[in-house]
Each structure stands twice: as structure tokens, then as C-alpha cells.
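Colleague: Got a structure for you, questions after.
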Amino acid sequence: MKTAGMLGGTDWQLTALYCQGMNEMVRQRLGDRHSAKMLIHTPDAVELASLQEKGHWREIGRLLEEASGQLVAAGAGFLMICSNSLHIVAEQLSAAVSVPFLHIGEAIGQRLHQDGIRRAGMLGTAFAPEQAFLRQSLADSFDIDLLLPDTGASLAIHNLISRGETDLTPEAADKLSVIFNAFRDHGAKAILLGGRRIGRLVRQSTCPLPMYDTVSLHIEAAVRLALA
């Protein structure tokens, strides 16, 4: 089994979810006494969030490069980022390390391609959808068209997540319904949930399209790579 080198993101709870998910899947595949082999480096979430809000992605890349070097030196067989939005620096990071880098776009693309989906809409924080990193990855590697909400809808979703709401209000449900219908009208065949909090809210709504949790797809791909 390869050791996963896991770079924590701006949410330690999401990093914990990755750890739990990988361990549970390895146990399911190999037996009750097995667990995933992993090394974790988690920068200070406040420092990362501050740089993210200012758009200082090059500095974020340098922080993650340093952390990646430490994980590889400690024996990581491959690297992954436990975050959607931090994949904006994935190309910079991948070029700086000597082991494979598991891009979340690769994990998403493999599953959508397998299921015959060529166009999907994505919901997430304002940071992730407004960047081209995931859209370009899916288009180049899998010929999949990724649709993003317009600016107003994207900010509405981001505000819902930032307020930490866990229950779907009628107002939020109406906003999501408008976004779902817009995706469907533009030919989307699925919805990608680009974050733990948005996933919790969306699952309480009535979505007319199949939903895919991007974190779950990333975890599944990591376990496949670890056990290959």
C-alpha cells in the first residue's frame, strides 16, 4: 500500500473527513483490521484563508511546496490536497515534487466519464468556481464541460456557506432551485458539490439532477491509487 501525503486545507474538519473516508474505504476493501497509510501536513487555516481572500496564490503555492517536500521526505508515495479551492496551485505544486500528484479534477473526470456525463454544473465557494483550474482540467483531460453559476448566484452560495448555516431556509432553497434549473436549461446532466458545507445544504433541497460529491470522488481515487 502506498502512503498518501495529504496537504490540509483551510478547514481542518474537511481534512479529518478525508482521513476518515480513506480509512473506512481501505477497511472495506482489505478487511476490518486494515487502515490507510497516510502522512498529513496541515498549515494554519487562518494564514491560508487570509492569503486566499487576498488572492495571494503564489504565496500559497510556496507554502504547500514546502509542506509537500516534507511529506515526500517522510515517505509519501503520492500527494493530494484536501481542498477544492487550493487546487488553483496544483500545477505549481505538481511541477515541484518527485511523486505523483492526485488532482481532484482527475478524480472527478474519471467518474463522470465512466458515467457518460459530458456536461455538469458545479456549486461551491466563490473561490473555487470563479477560477478556471477545474474547468480546464476537465475539458483538457476528459472533454467534459463544467458549468458555473453566474456571479450573483456564486456570491449567494458563498454567503450561505460563510454564515455556517446547516439548515436550508426557504430563501436558500429558492436560490438553489433557480441555479439547478439554470444548469439543467444549459444542458447539465449532473451537479458537482464542491465542498462539505454546500453538500450538507444541497442534500436538503430538491435537485432535478444527479449529485456528485467531489470530496468523496477524490477519496475514492486516492484509495485506488494507494492500493494499485
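As shown in the C-alpha cells, the chain order sets the letters A, B, ...; within each chain, residues go from 1, and ligands are also counted from 1 in the order they appear.
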For A:Ala226, work out the shell of residues within 7 Å, counting only C-alpha atoms and skipping chain neighbours fewer than 2 positions away, then give it as a ChimeraX atom specification.
Modeller: /A:1-4,222-224,228
Colleague: How would the residues just picked look written out with C-alpha atoms as an mmCIF file, in the first residue's frame?
Modeller:
```
data_model
loop_
_atom_site.group_PDB
_atom_site.id
_atom_site.type_symbol
_atom_site.label_atom_id
_atom_site.label_comp_id
_atom_site.auth_asym_id
_atom_site.auth_seq_id
_atom_site.Cartn_x
_atom_site.Cartn_y
_atom_site.Cartn_z
ATOM 1 C CA MET A 1 0.000 0.000 0.000
ATOM 2 C CA LYS A 2 1.319 3.450 -0.948
ATOM 3 C CA THR A 3 1.403 6.168 1.695
ATOM 4 C CA ALA A 4 -0.785 9.175 0.915
ATOM 5 C CA ALA A 222 -6.832 8.197 -3.586
ATOM 6 C CA VAL A 223 -7.667 4.741 -2.259
ATOM 7 C CA ARG A 224 -7.462 3.270 -5.754
ATOM 8 C CA ALA A 228 -2.789 -0.098 -7.064
#
```
Colleague: So that I can check the surroundings of A:Leu193, please list as a PyMOL selection string every protein, DNA and RNA residue that reaches within 8 Å of it, counting only C-alpha atoms and ignoring chain neighbours fewer than 3 positions away.
Modeller: chain A and resi 122-124+196+198-199+211-214
Colleague: Output N, CA and C atoms for every residue in the selection just made, as a PDB file, in the first residue's frame.
Modeller:
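Contents of the output file selection26.pdb:
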```
ATOM      1  N   MET A 122     -21.453  23.078 -11.269  1.00  0.00           N
ATOM      2  CA  MET A 122     -20.731  22.952 -10.003  1.00  0.00           C
ATOM      3  C   MET A 122     -21.166  24.030  -9.025  1.00  0.00           C
ATOM      4  N   LEU A 123     -21.343  23.617  -7.768  1.00  0.00           N
ATOM      5  CA  LEU A 123     -21.643  24.531  -6.676  1.00  0.00           C
ATOM      6  C   LEU A 123     -20.504  24.495  -5.676  1.00  0.00           C
ATOM      7  N   GLY A 124     -20.124  25.664  -5.168  1.00  0.00           N
ATOM      8  CA  GLY A 124     -19.055  25.705  -4.174  1.00  0.00           C
ATOM      9  C   GLY A 124     -18.859  27.124  -3.694  1.00  0.00           C
ATOM     10  N   ARG A 196     -17.873  20.566   1.581  1.00  0.00           N
ATOM     11  CA  ARG A 196     -18.614  19.835   2.609  1.00  0.00           C
ATOM     12  C   ARG A 196     -19.871  20.585   3.036  1.00  0.00           C
ATOM     13  N   ILE A 198     -21.609  23.099   1.436  1.00  0.00           N
ATOM     14  CA  ILE A 198     -22.626  23.229   0.398  1.00  0.00           C
ATOM     15  C   ILE A 198     -23.311  21.889   0.178  1.00  0.00           C
ATOM     16  N   GLY A 199     -22.572  20.784   0.312  1.00  0.00           N
ATOM     17  CA  GLY A 199     -23.174  19.466   0.166  1.00  0.00           C
ATOM     18  C   GLY A 199     -24.245  19.223   1.203  1.00  0.00           C
ATOM     19  N   MET A 211     -26.385  14.094  -8.205  1.00  0.00           N
ATOM     20  CA  MET A 211     -25.380  14.883  -7.493  1.00  0.00           C
ATOM     21  C   MET A 211     -24.132  14.040  -7.227  1.00  0.00           C
ATOM     22  N   TYR A 212     -22.973  14.671  -7.369  1.00  0.00           N
ATOM     23  CA  TYR A 212     -21.697  14.021  -7.106  1.00  0.00           C
ATOM     24  C   TYR A 212     -20.926  14.861  -6.092  1.00  0.00           C
ATOM     25  N   ASP A 213     -20.508  14.233  -5.019  1.00  0.00           N
ATOM     26  CA  ASP A 213     -19.713  14.907  -4.000  1.00  0.00           C
ATOM     27  C   ASP A 213     -18.241  14.834  -4.414  1.00  0.00           C
ATOM     28  N   THR A 214     -17.615  15.977  -4.668  1.00  0.00           N
ATOM     29  CA  THR A 214     -16.245  15.980  -5.186  1.00  0.00           C
ATOM     30  C   THR A 214     -15.245  15.420  -4.182  1.00  0.00           C
TER      31      THR A 214
END
```
Colleague: Rank nothing, just name the residue among A:Pro170, A:Gly116, A:Gly77, A:Gly105 nearest to A:Ala139, using only C-alpha atoms.
Modeller: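 Under the stated criterion, the closest residue is A:Gly105.
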Colleague: Mind checking which residues fall within 12 Å of A:Ile108, counting only C-alpha atoms, ignoring those fewer than 5 positions away in the same chain, and posting them as a ChimeraX atom specification?
Modeller: /A:84,102-103,113-115,117-118,120,122,134-135,137-139,141-142,144,146,190-194,211-222
Colleague: Could you tell me, as a PyMOL selection string, which residues of stretch 17-187 of chain A DSSP assigns to strand (DSSP E or B) when given the backbone?
Modeller: chain A and resi 38-41+78-82+101+119-123+145-147
Colleague: Those residues with C-alpha atoms, as a PDB file, in the first residue's frame please?
Modeller:
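This is the output file selection18.pdb:
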```
ATOM      1  CA  MET A  38      -1.046   8.460   5.367  1.00  0.00           C
ATOM      2  CA  LEU A  39       1.087  11.430   6.285  1.00  0.00           C
ATOM      3  CA  ILE A  40      -0.622  14.767   6.958  1.00  0.00           C
ATOM      4  CA  HIS A  41       0.683  18.330   6.897  1.00  0.00           C
ATOM      5  CA  PHE A  78       1.787  10.374  -3.748  1.00  0.00           C
ATOM      6  CA  LEU A  79       0.352  13.757  -2.806  1.00  0.00           C
ATOM      7  CA  MET A  80      -3.135  15.212  -2.633  1.00  0.00           C
ATOM      8  CA  ILE A  81      -4.711  18.463  -1.404  1.00  0.00           C
ATOM      9  CA  CYS A  82      -7.672  18.123   0.953  1.00  0.00           C
ATOM     10  CA  PHE A 101       0.075  14.344  -7.570  1.00  0.00           C
ATOM     11  CA  ARG A 119     -21.614  18.444 -19.045  1.00  0.00           C
ATOM     12  CA  ALA A 120     -22.065  19.220 -15.345  1.00  0.00           C
ATOM     13  CA  GLY A 121     -22.771  22.207 -13.122  1.00  0.00           C
ATOM     14  CA  MET A 122     -20.731  22.952 -10.003  1.00  0.00           C
ATOM     15  CA  LEU A 123     -21.643  24.531  -6.676  1.00  0.00           C
ATOM     16  CA  ASP A 145     -17.834  20.898 -19.995  1.00  0.00           C
ATOM     17  CA  LEU A 146     -18.131  22.389 -16.492  1.00  0.00           C
ATOM     18  CA  LEU A 147     -20.838  24.999 -15.960  1.00  0.00           C
TER      19      LEU A 147
END
```
Colleague: Apply DSSP to the backbone of this structure and, from stretch 38-90 of chain A, keep only the residues in alpha helix (DSSP H); write these as a PyMOL selection string.
Modeller: chain A and resi 45-53+57-73+90
Colleague: Just to be explicit: take each residue in the selection above, keep C-alpha atoms, and write the result as a CSV table (one decimal), in the first residue's frame.
Modeller:
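Contents of out_4.csv, as written:
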```
chain,number,residue,atom,x,y,z
A,45,ALA,CA,-6.1,27.6,8.4
A,46,VAL,CA,-6.2,31.3,9.3
A,47,GLU,CA,-3.0,32.0,7.5
A,48,LEU,CA,-4.2,30.2,4.4
A,49,ALA,CA,-7.6,31.8,4.4
A,50,SER,CA,-6.1,35.3,4.7
A,51,LEU,CA,-3.8,34.7,1.7
A,52,GLN,CA,-6.8,33.2,-0.2
A,53,GLU,CA,-9.0,36.2,0.4
A,57,TRP,CA,-2.0,32.2,-4.7
A,58,ARG,CA,1.7,32.2,-5.5
A,59,GLU,CA,2.5,32.5,-1.8
A,60,ILE,CA,0.0,29.7,-1.0
A,61,GLY,CA,1.8,27.6,-3.6
A,62,ARG,CA,5.1,28.2,-1.9
A,63,LEU,CA,3.7,27.2,1.5
A,64,LEU,CA,2.3,24.0,0.0
A,65,GLU,CA,5.5,23.3,-1.9
A,66,GLU,CA,7.5,23.4,1.4
A,67,ALA,CA,4.9,21.1,3.1
A,68,SER,CA,5.0,18.7,0.1
A,69,GLY,CA,8.7,18.4,0.3
A,70,GLN,CA,8.5,17.4,4.0
A,71,LEU,CA,5.8,14.8,3.2
A,72,VAL,CA,7.9,13.3,0.4
A,73,ALA,CA,11.0,13.2,2.6
A,90,ALA,CA,-1.9,22.3,-8.3
```
Colleague: Report the distance between atom CA of A:Ala173 and atom CA of A:Pro208 in Å, rounded to one decimal place.
Modeller: 13.0 Å
Colleague: Would you mind reading off the distance between atom CA of A:Ala95 and atom CA of A:Ala16, one decimal, in Å?
Modeller: 26.5 Å
Colleague: Quick one: of A:His56, A:Arg27, A:Lys37, A:His87, who's nearest to A:Leu225, counting only C-alpha atoms?
Modeller: A:Lys37
